[in-house]
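Data from data_38.cif: mmCIF, C-alpha atoms and all ligand atoms
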```cif
data_run
loop_
_atom_site.group_PDB
_atom_site.id
_atom_site.type_symbol
_atom_site.label_atom_id
_atom_site.label_comp_id
_atom_site.auth_asym_id
_atom_site.auth_seq_id
_atom_site.Cartn_x
_atom_site.Cartn_y
_atom_site.Cartn_z
ATOM 1 C CA MET A 1 -7.695 2.653 5.905
ATOM 2 C CA VAL A 2 -6.567 3.278 2.332
ATOM 3 C CA ASP A 3 -6.525 0.161 0.142
ATOM 4 C CA LEU A 4 -3.438 0.282 -2.037
ATOM 5 C CA ILE A 5 -3.355 -1.865 -5.171
ATOM 6 C CA LEU A 6 -0.072 -2.075 -7.051
ATOM 7 C CA HIS A 7 -0.189 -3.315 -10.647
ATOM 8 C CA HIS A 8 3.336 -4.592 -11.343
ATOM 9 C CA TYR A 9 5.472 -7.574 -12.320
ATOM 10 C CA GLU A 10 8.352 -9.142 -10.446
ATOM 11 C CA ALA A 11 11.177 -8.406 -12.892
ATOM 12 C CA SER A 12 10.159 -4.758 -13.423
ATOM 13 C CA PRO A 13 12.820 -2.459 -11.943
ATOM 14 C CA TYR A 14 10.473 0.541 -11.721
ATOM 15 C CA SER A 15 8.062 -1.655 -9.773
ATOM 16 C CA GLU A 16 10.896 -2.570 -7.422
ATOM 17 C CA LYS A 17 11.262 1.168 -6.715
ATOM 18 C CA ILE A 18 7.675 1.267 -5.425
ATOM 19 C CA ARG A 19 7.739 -2.128 -3.687
ATOM 20 C CA THR A 20 10.767 -0.828 -1.781
ATOM 21 C CA LEU A 21 8.955 2.398 -0.908
ATOM 22 C CA MET A 22 6.069 0.280 0.449
ATOM 23 C CA GLY A 23 8.664 -1.465 2.611
ATOM 24 C CA PHE A 24 10.247 1.798 3.802
ATOM 25 C CA LYS A 25 6.837 3.092 4.856
ATOM 26 C CA GLY A 26 5.747 -0.256 6.325
ATOM 27 C CA LEU A 27 2.589 -0.352 4.178
ATOM 28 C CA SER A 28 0.180 -3.201 3.427
ATOM 29 C CA TRP A 29 -0.808 -3.486 -0.214
ATOM 30 C CA SER A 30 -2.566 -5.689 -2.733
ATOM 31 C CA SER A 31 -0.522 -6.999 -5.629
ATOM 32 C CA VAL A 32 -1.960 -7.400 -9.121
ATOM 33 C CA ILE A 33 0.465 -9.042 -11.529
ATOM 34 C CA VAL A 34 0.536 -7.459 -14.986
ATOM 35 C CA PRO A 35 1.876 -9.505 -17.926
ATOM 36 C CA PRO A 36 5.305 -8.147 -18.979
ATOM 37 C CA ILE A 37 4.229 -8.125 -22.631
ATOM 38 C CA ALA A 38 1.020 -7.128 -24.418
ATOM 39 C CA PRO A 39 -1.881 -7.841 -24.357
ATOM 40 C CA LYS A 40 -2.503 -6.192 -20.976
ATOM 41 C CA ALA A 41 -6.264 -5.797 -21.269
ATOM 42 C CA ASP A 42 -7.035 -5.465 -17.545
ATOM 43 C CA LEU A 43 -4.412 -2.791 -16.931
ATOM 44 C CA LEU A 44 -5.390 -0.856 -20.046
ATOM 45 C CA ALA A 45 -9.045 -0.919 -19.004
ATOM 46 C CA LEU A 46 -8.037 1.009 -15.881
ATOM 47 C CA THR A 47 -5.437 3.351 -17.366
ATOM 48 C CA GLY A 48 -7.027 4.018 -20.750
ATOM 49 C CA GLY A 49 -3.903 2.901 -22.629
ATOM 50 C CA TYR A 50 -0.882 3.453 -20.361
ATOM 51 C CA ARG A 51 0.773 0.005 -20.347
ATOM 52 C CA ARG A 52 3.825 0.368 -18.114
ATOM 53 C CA ALA A 53 4.510 -0.979 -14.674
ATOM 54 C CA PRO A 54 4.063 0.108 -11.977
ATOM 55 C CA VAL A 55 0.577 1.606 -11.696
ATOM 56 C CA LEU A 56 -1.015 2.339 -8.320
ATOM 57 C CA GLN A 57 -4.768 2.068 -7.862
ATOM 58 C CA ILE A 58 -6.671 3.485 -4.910
ATOM 59 C CA GLY A 59 -10.370 2.812 -5.520
ATOM 60 C CA ALA A 60 -11.201 4.552 -8.806
ATOM 61 C CA ASP A 61 -8.000 6.655 -8.800
ATOM 62 C CA ILE A 62 -5.235 5.314 -11.023
ATOM 63 C CA TYR A 63 -1.697 6.721 -10.629
ATOM 64 C CA CYS A 64 0.726 6.255 -13.533
ATOM 65 C CA ASP A 65 4.541 6.542 -13.263
ATOM 66 C CA SER A 66 6.716 5.642 -10.309
ATOM 67 C CA ALA A 67 7.683 9.263 -9.541
ATOM 68 C CA LEU A 68 4.032 10.290 -9.180
ATOM 69 C CA ILE A 69 3.209 7.129 -7.231
ATOM 70 C CA ALA A 70 6.047 7.921 -4.822
ATOM 71 C CA ALA A 71 4.810 11.507 -4.387
ATOM 72 C CA GLU A 72 1.250 10.283 -3.751
ATOM 73 C CA LEU A 73 2.354 7.695 -1.192
ATOM 74 C CA ASP A 74 4.563 10.256 0.535
ATOM 75 C CA GLN A 75 1.652 12.681 0.787
ATOM 76 C CA ARG A 76 -0.785 10.061 2.082
ATOM 77 C CA PHE A 77 1.641 8.391 4.491
ATOM 78 C CA PRO A 78 3.847 11.179 5.866
ATOM 79 C CA ALA A 79 4.772 9.396 9.093
ATOM 80 C CA ARG A 80 7.839 7.903 7.434
ATOM 81 C CA ALA A 81 8.516 10.502 4.754
ATOM 82 C CA LEU A 82 11.217 10.498 2.127
ATOM 83 C CA ALA A 83 13.827 13.235 2.520
ATOM 84 C CA PRO A 84 13.226 16.220 0.214
ATOM 85 C CA ASN A 85 14.838 15.481 -3.114
ATOM 86 C CA THR A 86 16.775 18.729 -2.925
ATOM 87 C CA VAL A 87 19.032 17.793 -0.013
ATOM 88 C CA GLY A 88 22.751 17.289 -0.698
ATOM 89 C CA THR A 89 23.289 15.172 -3.787
ATOM 90 C CA ALA A 90 19.664 13.986 -3.902
ATOM 91 C CA THR A 91 18.255 15.977 -6.765
ATOM 92 C CA PRO A 92 15.834 15.408 -9.628
ATOM 93 C CA LEU A 93 18.871 15.641 -11.932
ATOM 94 C CA LEU A 94 20.089 12.312 -10.593
ATOM 95 C CA ASP A 95 16.621 10.750 -10.935
ATOM 96 C CA ASN A 96 16.549 11.809 -14.557
ATOM 97 C CA TRP A 97 20.008 10.406 -15.203
ATOM 98 C CA ALA A 98 18.965 7.117 -13.556
ATOM 99 C CA ASP A 99 15.738 6.891 -15.590
ATOM 100 C CA ARG A 100 16.950 8.106 -18.937
ATOM 101 C CA ILE A 101 20.616 7.091 -19.150
ATOM 102 C CA LEU A 102 21.652 4.462 -16.609
ATOM 103 C CA PHE A 103 18.410 2.454 -16.943
ATOM 104 C CA TRP A 104 18.840 2.120 -20.707
ATOM 105 C CA GLN A 105 22.527 1.180 -20.372
ATOM 106 C CA VAL A 106 21.437 -1.641 -18.064
ATOM 107 C CA VAL A 107 18.614 -2.688 -20.439
ATOM 108 C CA ARG A 108 21.146 -2.920 -23.295
ATOM 109 C CA TYR A 109 23.665 -4.789 -21.144
ATOM 110 C CA SER A 110 21.100 -7.242 -19.801
ATOM 111 C CA MET A 111 19.626 -7.903 -23.262
ATOM 112 C CA GLY A 112 23.143 -8.449 -24.648
ATOM 113 C CA LEU A 113 23.914 -10.954 -21.888
ATOM 114 C CA ARG A 114 20.696 -12.857 -22.588
ATOM 115 C CA ALA A 115 20.777 -12.396 -26.375
ATOM 116 C CA ASP A 116 20.534 -16.136 -27.036
ATOM 117 C CA ALA A 117 17.755 -16.662 -24.508
ATOM 118 C CA VAL A 118 15.454 -13.625 -24.849
ATOM 119 C CA PRO A 119 12.004 -14.995 -25.786
ATOM 120 C CA PRO A 120 11.074 -13.921 -29.353
ATOM 121 C CA ALA A 121 7.656 -12.771 -28.053
ATOM 122 C CA LEU A 122 9.407 -10.221 -25.790
ATOM 123 C CA ILE A 123 11.513 -8.938 -28.684
ATOM 124 C CA HIS A 124 8.469 -8.538 -30.926
ATOM 125 C CA ASP A 125 6.552 -6.798 -28.159
ATOM 126 C CA ARG A 126 9.320 -4.317 -27.367
ATOM 127 C CA GLU A 127 10.107 -3.658 -31.041
ATOM 128 C CA ALA A 128 6.476 -2.702 -31.584
ATOM 129 C CA PHE A 129 6.330 -0.645 -28.384
ATOM 130 C CA TRP A 130 9.686 1.135 -28.826
ATOM 131 C CA ASP A 131 9.059 1.515 -32.550
ATOM 132 C CA HIS A 132 12.521 0.335 -33.624
ATOM 133 C CA LYS A 133 14.365 -2.905 -34.401
ATOM 134 C CA ILE A 134 16.403 -4.552 -31.645
ATOM 135 C CA ASP A 135 19.830 -5.694 -32.851
ATOM 136 C CA LEU A 136 20.440 -8.640 -30.511
ATOM 137 C CA ASP A 137 23.719 -9.622 -32.226
ATOM 138 C CA GLY A 138 24.984 -6.054 -31.813
ATOM 139 C CA LEU A 139 23.947 -5.975 -28.140
ATOM 140 C CA LYS A 140 25.689 -9.308 -27.582
ATOM 141 C CA ALA A 141 28.890 -8.028 -29.206
ATOM 142 C CA ASP A 142 28.772 -4.837 -27.118
ATOM 143 C CA VAL A 143 28.238 -6.288 -23.621
ATOM 144 C CA GLY A 144 31.738 -5.249 -22.528
ATOM 145 C CA TYR A 145 31.204 -1.724 -23.750
ATOM 146 C CA HIS A 146 27.804 -1.378 -22.044
ATOM 147 C CA ARG A 147 29.141 -2.844 -18.809
ATOM 148 C CA GLY A 148 31.954 -0.277 -18.888
ATOM 149 C CA GLN A 149 29.454 2.554 -19.348
ATOM 150 C CA ILE A 150 27.509 1.323 -16.332
ATOM 151 C CA THR A 151 30.497 0.825 -14.051
ATOM 152 C CA THR A 152 31.773 4.309 -14.897
ATOM 153 C CA GLY A 153 28.421 5.634 -13.676
ATOM 154 C CA LEU A 154 28.552 3.452 -10.585
ATOM 155 C CA GLY A 155 31.976 4.951 -9.817
ATOM 156 C CA TRP A 156 30.440 8.447 -9.932
ATOM 157 C CA LEU A 157 27.732 7.304 -7.543
ATOM 158 C CA GLU A 158 30.277 5.712 -5.207
ATOM 159 C CA ASN A 159 32.096 9.074 -4.956
ATOM 160 C CA LEU A 160 28.904 11.084 -4.555
ATOM 161 C CA LEU A 161 27.653 8.864 -1.767
ATOM 162 C CA GLY A 162 30.956 8.978 0.123
ATOM 163 C CA GLY A 163 30.378 8.009 3.741
ATOM 164 C CA ALA A 164 26.679 8.963 3.862
ATOM 165 C CA ASP A 165 23.939 6.409 4.507
ATOM 166 C CA PHE A 166 21.749 7.774 1.708
ATOM 167 C CA PHE A 167 22.138 10.336 -1.057
ATOM 168 C CA ALA A 168 20.191 12.844 1.041
ATOM 169 C CA GLY A 169 22.002 12.064 4.300
ATOM 170 C CA ASP A 170 20.401 10.041 7.089
ATOM 171 C CA THR A 171 17.038 9.457 5.374
ATOM 172 C CA PRO A 172 16.412 8.095 1.885
ATOM 173 C CA ALA A 173 15.046 10.439 -0.776
ATOM 174 C CA LEU A 174 13.241 9.582 -4.007
ATOM 175 C CA THR A 175 16.682 9.756 -5.645
ATOM 176 C CA ASP A 176 17.845 6.806 -3.552
ATOM 177 C CA LEU A 177 14.922 4.705 -4.786
ATOM 178 C CA ALA A 178 15.323 5.921 -8.381
ATOM 179 C CA LEU A 179 18.962 4.820 -8.339
ATOM 180 C CA TYR A 180 18.359 1.721 -6.256
ATOM 181 C CA HIS A 181 16.066 -0.091 -8.669
ATOM 182 C CA VAL A 182 18.434 0.450 -11.604
ATOM 183 C CA VAL A 183 21.483 -0.695 -9.625
ATOM 184 C CA TRP A 184 19.369 -3.690 -8.416
ATOM 185 C CA PHE A 185 18.614 -4.525 -12.054
ATOM 186 C CA PHE A 186 22.332 -4.296 -12.970
ATOM 187 C CA ALA A 187 23.543 -6.306 -9.958
ATOM 188 C CA LYS A 188 21.054 -9.125 -10.679
ATOM 189 C CA ALA A 189 22.015 -9.351 -14.353
ATOM 190 C CA ASP A 190 25.742 -9.057 -13.687
ATOM 191 C CA THR A 191 25.969 -11.626 -10.914
ATOM 192 C CA ALA A 192 23.813 -14.058 -12.947
ATOM 193 C CA ALA A 193 26.501 -13.718 -15.643
ATOM 194 C CA SER A 194 29.275 -14.347 -13.053
ATOM 195 C CA GLY A 195 30.342 -10.686 -13.068
ATOM 196 C CA SER A 196 31.717 -8.910 -10.028
ATOM 197 C CA GLY A 197 28.434 -7.088 -9.452
ATOM 198 C CA LEU A 198 28.911 -4.312 -6.933
ATOM 199 C CA SER A 199 31.952 -5.794 -5.214
ATOM 200 C CA LEU A 200 34.228 -2.991 -6.461
ATOM 201 C CA PHE A 201 31.878 -0.401 -4.949
ATOM 202 C CA PRO A 202 31.834 -0.830 -1.169
ATOM 203 C CA ALA A 203 29.838 2.310 -0.363
ATOM 204 C CA LEU A 204 27.208 1.457 -2.973
ATOM 205 C CA SER A 205 27.069 -2.173 -1.797
ATOM 206 C CA ALA A 206 26.400 -1.064 1.777
ATOM 207 C CA TRP A 207 23.812 1.460 0.555
ATOM 208 C CA MET A 208 22.052 -1.266 -1.492
ATOM 209 C CA ALA A 209 21.940 -3.562 1.539
ATOM 210 C CA ARG A 210 20.553 -0.721 3.683
ATOM 211 C CA ILE A 211 17.721 -0.138 1.191
ATOM 212 C CA ALA A 212 17.027 -3.849 0.577
ATOM 213 C CA GLU A 213 16.472 -4.164 4.317
ATOM 214 C CA PHE A 214 13.310 -2.054 4.050
ATOM 215 C CA GLY A 215 11.690 -5.076 2.370
ATOM 216 C CA HIS A 216 8.429 -4.698 0.463
ATOM 217 C CA GLY A 217 5.878 -4.129 3.231
ATOM 218 C CA THR A 218 2.976 -6.589 3.545
ATOM 219 C CA ARG A 219 1.839 -7.910 0.190
ATOM 220 C CA THR A 220 -1.357 -9.849 -0.604
ATOM 221 C CA GLU A 221 -2.189 -11.115 -4.086
ATOM 222 C CA LEU A 222 -5.344 -9.864 -5.818
ATOM 223 C CA ALA A 223 -6.920 -11.006 -9.121
ATOM 224 C CA PRO A 224 -7.020 -8.356 -11.892
ATOM 225 C CA ALA A 225 -10.825 -8.762 -12.167
ATOM 226 C CA GLU A 226 -11.121 -7.877 -8.458
ATOM 227 C CA ALA A 227 -9.163 -4.676 -9.015
ATOM 228 C CA ILE A 228 -11.541 -3.747 -11.827
ATOM 229 C CA ASN A 229 -14.543 -4.420 -9.566
ATOM 230 C CA ILE A 230 -13.026 -2.162 -6.908
ATOM 231 C CA ALA A 231 -12.700 0.666 -9.458
ATOM 232 C CA LEU A 232 -16.245 0.054 -10.652
ATOM 233 C CA SER A 233 -17.733 0.264 -7.181
ATOM 234 C CA ALA A 234 -16.062 3.536 -6.054
ATOM 235 C CA PRO A 235 -16.244 7.116 -7.361
ATOM 236 C CA PRO A 236 -12.921 8.902 -7.963
ATOM 237 C CA ALA A 237 -11.611 10.963 -5.032
ATOM 238 C CA PRO A 238 -12.420 14.700 -4.989
ATOM 239 C CA LEU A 239 -9.992 16.673 -7.148
ATOM 240 C CA PRO A 240 -7.058 18.438 -5.451
ATOM 241 C CA GLU A 241 -7.641 22.099 -4.629
ATOM 242 C CA THR A 242 -4.423 23.182 -6.355
ATOM 243 C CA GLY A 243 -5.924 23.122 -9.853
ATOM 244 C CA ALA A 244 -4.842 25.757 -12.365
ATOM 245 C CA ALA A 245 -7.276 27.482 -14.713
ATOM 246 C CA HIS A 246 -6.795 25.837 -18.091
ATOM 247 C CA PRO A 247 -8.856 26.334 -21.247
ATOM 248 C CA ALA A 248 -9.209 22.572 -21.769
ATOM 249 C CA ILE A 249 -10.705 21.742 -18.345
ATOM 250 C CA GLY A 250 -13.820 19.673 -19.073
ATOM 251 C CA ALA A 251 -12.785 19.083 -22.701
ATOM 252 C CA PRO A 252 -11.553 15.876 -24.369
ATOM 253 C CA VAL A 253 -7.732 15.702 -24.380
ATOM 254 C CA GLN A 254 -4.934 13.195 -24.872
ATOM 255 C CA VAL A 255 -1.923 12.470 -22.687
ATOM 256 C CA LEU A 256 1.233 11.142 -24.386
ATOM 257 C CA VAL A 257 4.422 9.665 -22.933
ATOM 258 C CA ASP A 258 7.484 11.480 -24.221
ATOM 259 C CA GLU A 259 10.344 9.130 -23.218
ATOM 260 C CA PHE A 260 9.551 6.347 -25.737
ATOM 261 C CA GLY A 261 6.612 4.208 -26.743
ATOM 262 C CA THR A 262 3.356 4.667 -28.504
ATOM 263 C CA GLU A 263 0.741 5.191 -25.803
ATOM 264 C CA VAL A 264 -2.011 7.771 -26.230
ATOM 265 C CA ILE A 265 -4.473 8.107 -23.353
ATOM 266 C CA ASP A 266 -7.806 9.763 -24.084
ATOM 267 C CA GLY A 267 -9.969 11.358 -21.426
ATOM 268 C CA THR A 268 -11.589 14.536 -20.168
ATOM 269 C CA LEU A 269 -9.195 16.998 -18.549
ATOM 270 C CA ALA A 270 -10.342 17.179 -14.927
ATOM 271 C CA HIS A 271 -7.342 18.847 -13.263
ATOM 272 C CA ILE A 272 -3.925 20.235 -14.058
ATOM 273 C CA ASP A 273 -1.305 21.851 -11.806
ATOM 274 C CA ASP A 274 2.481 22.195 -11.793
ATOM 275 C CA THR A 275 3.040 18.557 -10.938
ATOM 276 C CA ARG A 276 0.145 16.507 -12.253
ATOM 277 C CA ILE A 277 -2.542 16.004 -14.873
ATOM 278 C CA ILE A 278 -5.778 14.161 -14.052
ATOM 279 C CA LEU A 279 -8.063 12.760 -16.740
ATOM 280 C CA HIS A 280 -11.538 11.451 -16.072
ATOM 281 C CA ARG A 281 -12.534 8.435 -18.129
ATOM 282 C CA ASP A 282 -15.855 6.679 -18.239
ATOM 283 C CA THR A 283 -16.359 3.148 -19.595
ATOM 284 C CA PRO A 284 -18.933 0.443 -18.843
ATOM 285 C CA GLN A 285 -16.134 -1.934 -17.757
ATOM 286 C CA VAL A 286 -14.575 0.234 -15.013
ATOM 287 C CA GLY A 287 -17.101 3.056 -14.539
ATOM 288 C CA THR A 288 -15.648 6.542 -13.971
ATOM 289 C CA VAL A 289 -11.967 6.559 -13.105
ATOM 290 C CA ALA A 290 -9.486 9.383 -12.526
ATOM 291 C CA VAL A 291 -6.158 8.657 -14.222
ATOM 292 C CA HIS A 292 -3.251 10.677 -12.780
ATOM 293 C CA PHE A 293 -0.016 11.474 -14.677
ATOM 294 C CA PRO A 294 3.022 13.525 -13.714
ATOM 295 C CA ARG A 295 3.231 16.811 -15.587
ATOM 296 C CA HIS A 296 6.944 16.272 -16.291
ATOM 297 C CA GLY A 297 7.432 13.960 -19.273
ATOM 298 C CA TYR A 298 3.733 13.584 -20.122
ATOM 299 C CA PRO A 299 2.688 16.045 -22.844
ATOM 300 C CA LEU A 300 -0.940 17.066 -22.983
ATOM 301 C CA ARG A 301 -2.510 17.372 -26.413
ATOM 302 C CA THR A 302 -5.689 19.373 -26.773
ATOM 303 C CA THR A 303 -7.604 20.510 -29.807
ATOM 304 C CA LEU A 304 -7.705 23.997 -28.257
ATOM 305 C CA ILE A 305 -3.945 24.597 -28.282
ATOM 306 C CA GLN A 306 -1.562 24.093 -31.200
ATOM 307 C CA GLY A 307 1.145 21.475 -30.539
ATOM 308 C CA LYS A 308 1.732 19.936 -27.153
ATOM 309 C CA ASP A 309 0.851 21.932 -24.066
ATOM 310 C CA THR A 310 3.358 21.588 -21.138
HETATM 311 N N1 LIG B 401 8.576 6.432 -16.276
HETATM 312 C C1 LIG B 401 7.943 5.188 -15.885
HETATM 313 C C2 LIG B 401 8.684 4.031 -16.558
HETATM 314 C C3 LIG B 401 8.015 2.686 -16.301
HETATM 315 C C4 LIG B 401 8.566 1.609 -17.217
HETATM 316 O O1 LIG B 401 9.208 1.876 -18.258
HETATM 317 N N2 LIG B 401 8.302 0.378 -16.827
HETATM 318 C C5 LIG B 401 8.733 -0.748 -17.625
HETATM 319 C C6 LIG B 401 8.978 -1.948 -16.731
HETATM 320 S S1 LIG B 401 10.256 -1.626 -15.578
HETATM 321 C C7 LIG B 401 7.626 -1.141 -18.555
HETATM 322 O O2 LIG B 401 6.484 -1.134 -18.146
HETATM 323 N N3 LIG B 401 7.960 -1.473 -19.798
HETATM 324 C C8 LIG B 401 7.004 -1.806 -20.805
HETATM 325 C C9 LIG B 401 6.124 -2.901 -20.477
HETATM 326 O O3 LIG B 401 6.407 -3.663 -19.549
HETATM 327 O O4 LIG B 401 5.122 -3.047 -21.164
HETATM 328 C C10 LIG B 401 7.956 5.066 -14.362
HETATM 329 O O5 LIG B 401 8.739 5.758 -13.712
HETATM 330 O O6 LIG B 401 7.118 4.334 -13.810
#
```
Represent the structure contained in this file as structure tokens.
Ligand SMILES: N[C@@H](CCC(=O)N[C@@H](CS)C(=O)NCC(=O)O)C(=O)O
Amino acid sequence: MVDLILHHYEASPYSEKIRTLMGFKGLSWSSVIVPPIAPKADLLALTGGYRRAPVLQIGADIYCDSALIAAELDQRFPARALAPNTVGTATPLLDNWADRILFWQVVRYSMGLRADAVPPALIHDREAFWDHKIDLDGLKADVGYHRGQITTGLGWLENLLGGADFFAGDTPALTDLALYHVVWFFAKADTAASGSGLSLFPALSAWMARIAEFGHGTRTELAPAEAINIALSAPPAPLPETGAAHPAIGAPVQVLVDEFGTEVIDGTLAHIDDTRIILHRDTPQVGTVAVHFPRHGYPLRTTLIQGKDT
């Protein structure tokens, strides 16, 4: 049996994407709660500097980013597989819109709604991480505008979904989960502020209920120190056989995160293919771990190639 450890926190929408996938697949998993703001020493010990939630750990293999985690879980547990993301309106284009546009509209809206109550420590943490000032007064003044941007997008989704159960048809695709967690985030914030939530979107409301019914699988809490011990006592899994020849294999490299933020993850390039990058890292605290990143959105910096490779 594969022991799945999810590093996450309750309010994290991207974590909700993976908790829901655990539910869809009926998986049992261990839950390690990550603090929502720095310091996140235990998580960083495993990832080498990647600080976001969720992160999946299987022994000494550490999977960063919800899209890669979903792909890994789908490969390991194919009995209840997601529909291919290319069916009907389920396409990576929608995932990207959900992650890069809709998610940030909801972040702005939710911060504007809570402008008077956002803990200063969270603001300081995110200002440092995002590398820009957060204008809480401006966000508060613009809640109506941001809500309008979101509901316009929800209207597009309502039309796209039409009478189908899921964006790919009868079976959910990654797109469904990528949209679900952002709409979940919006609906929670909006109804807490006495908004109409999804009530003007009957198809989307029914779709949300259908996905929520998957639940989260079977979850058991685990202490962060235990997760580190598990990494320490296992070698990383053998590398995939799909590796491409790359001049930096075996050399020290850095992985960056291109959407926002300041993370730089150092390691030895162990594997690269069209979809993923794997770094090996070796520290006394966690032993040798393999840290996996998606290729898309995670530039690789090597001293052998000018600029960013990929
Ligand atoms: N592209 C990443 C995004 C993950 C992400 O931004 N997660 C948020 C929480 S939902 C986060 O970790 N923010 C910064 C932090 O919590 O330190 C993914 O798909 O997993």
Counting all atoms listed in the file, figure out which residue out of A:Asp273, A:Asp125, A:Glu221, A:Asp131 gets nearest to ligand LIG 401 (chain B).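 Distance minimum relative to ligand LIG 401 (chain B) lands on A:Asp125.
The shortest atom-to-atom distance to Leu73 in chain A, with all atoms listed in the file taken into account, belongs to A:Ile5 out of A:Val118, A:Leu161, A:Val291, A:Ile5.
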Polymer residues at most 8 Å from range 292-300 of chain A, only C-alpha atoms, same-chain spacing of 6 or more positions, as a PyMOL selection string: chain A and resi 61-65+67-68+253-259+273-279+308-310
Selected by the PyMOL selection byres (((chain A and resi 109) around 12) and not hetatm) in the shown coordinates: which residues, as a ChimeraX atom specification? /A:102-108,110-115,136,138-151,185-190,193
Using C-alpha atoms, can you export the residues from the last selection as a PDB file, in the frame of the given file?
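The result, written out as out.pdb:
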```pdb
ATOM      1  CA  LEU A 102      21.652   4.462 -16.609  1.00  0.00           C
ATOM      2  CA  PHE A 103      18.410   2.454 -16.943  1.00  0.00           C
ATOM      3  CA  TRP A 104      18.840   2.120 -20.707  1.00  0.00           C
ATOM      4  CA  GLN A 105      22.527   1.180 -20.372  1.00  0.00           C
ATOM      5  CA  VAL A 106      21.437  -1.641 -18.064  1.00  0.00           C
ATOM      6  CA  VAL A 107      18.614  -2.688 -20.439  1.00  0.00           C
ATOM      7  CA  ARG A 108      21.146  -2.920 -23.295  1.00  0.00           C
ATOM      8  CA  SER A 110      21.100  -7.242 -19.801  1.00  0.00           C
ATOM      9  CA  MET A 111      19.626  -7.903 -23.262  1.00  0.00           C
ATOM     10  CA  GLY A 112      23.143  -8.449 -24.648  1.00  0.00           C
ATOM     11  CA  LEU A 113      23.914 -10.954 -21.888  1.00  0.00           C
ATOM     12  CA  ARG A 114      20.696 -12.857 -22.588  1.00  0.00           C
ATOM     13  CA  ALA A 115      20.777 -12.396 -26.375  1.00  0.00           C
ATOM     14  CA  LEU A 136      20.440  -8.640 -30.511  1.00  0.00           C
ATOM     15  CA  GLY A 138      24.984  -6.054 -31.813  1.00  0.00           C
ATOM     16  CA  LEU A 139      23.947  -5.975 -28.140  1.00  0.00           C
ATOM     17  CA  LYS A 140      25.689  -9.308 -27.582  1.00  0.00           C
ATOM     18  CA  ALA A 141      28.890  -8.028 -29.206  1.00  0.00           C
ATOM     19  CA  ASP A 142      28.772  -4.837 -27.118  1.00  0.00           C
ATOM     20  CA  VAL A 143      28.238  -6.288 -23.621  1.00  0.00           C
ATOM     21  CA  GLY A 144      31.738  -5.249 -22.528  1.00  0.00           C
ATOM     22  CA  TYR A 145      31.204  -1.724 -23.750  1.00  0.00           C
ATOM     23  CA  HIS A 146      27.804  -1.378 -22.044  1.00  0.00           C
ATOM     24  CA  ARG A 147      29.141  -2.844 -18.809  1.00  0.00           C
ATOM     25  CA  GLY A 148      31.954  -0.277 -18.888  1.00  0.00           C
ATOM     26  CA  GLN A 149      29.454   2.554 -19.348  1.00  0.00           C
ATOM     27  CA  ILE A 150      27.509   1.323 -16.332  1.00  0.00           C
ATOM     28  CA  THR A 151      30.497   0.825 -14.051  1.00  0.00           C
ATOM     29  CA  PHE A 185      18.614  -4.525 -12.054  1.00  0.00           C
ATOM     30  CA  PHE A 186      22.332  -4.296 -12.970  1.00  0.00           C
ATOM     31  CA  ALA A 187      23.543  -6.306  -9.958  1.00  0.00           C
ATOM     32  CA  LYS A 188      21.054  -9.125 -10.679  1.00  0.00           C
ATOM     33  CA  ALA A 189      22.015  -9.351 -14.353  1.00  0.00           C
ATOM     34  CA  ASP A 190      25.742  -9.057 -13.687  1.00  0.00           C
ATOM     35  CA  ALA A 193      26.501 -13.718 -15.643  1.00  0.00           C
TER      36      ALA A 193
END
```
Evaluate the PyMOL selection byres (((chain A and resi 194-205) around 10) and not hetatm) and record the selected residues as a PyMOL selection string, following the chain and residue labels used in the document. chain A and resi 147+151+154-155+157-166+180+183-184+186-193+206-210
Give as a ChimeraX atom specification the residues that the PyMOL selection byres (((chain A and resi 289) around 10) and not hetatm) matches when applied to the coordinates above. /A:45-48,57,59-62,231-232,234-237,267,278-283,286-288,290-292
Please identify the residues whose atoms come within 9 Å of ligand LIG 401 (chain B), using only C-alpha atoms and all ligand atoms, and report them as an MDAnalysis selection string. chainID A and resid 8:9 11:18 34:38 40 50:55 64:69 99:100 125:126 129:130 178 257 259:261 297
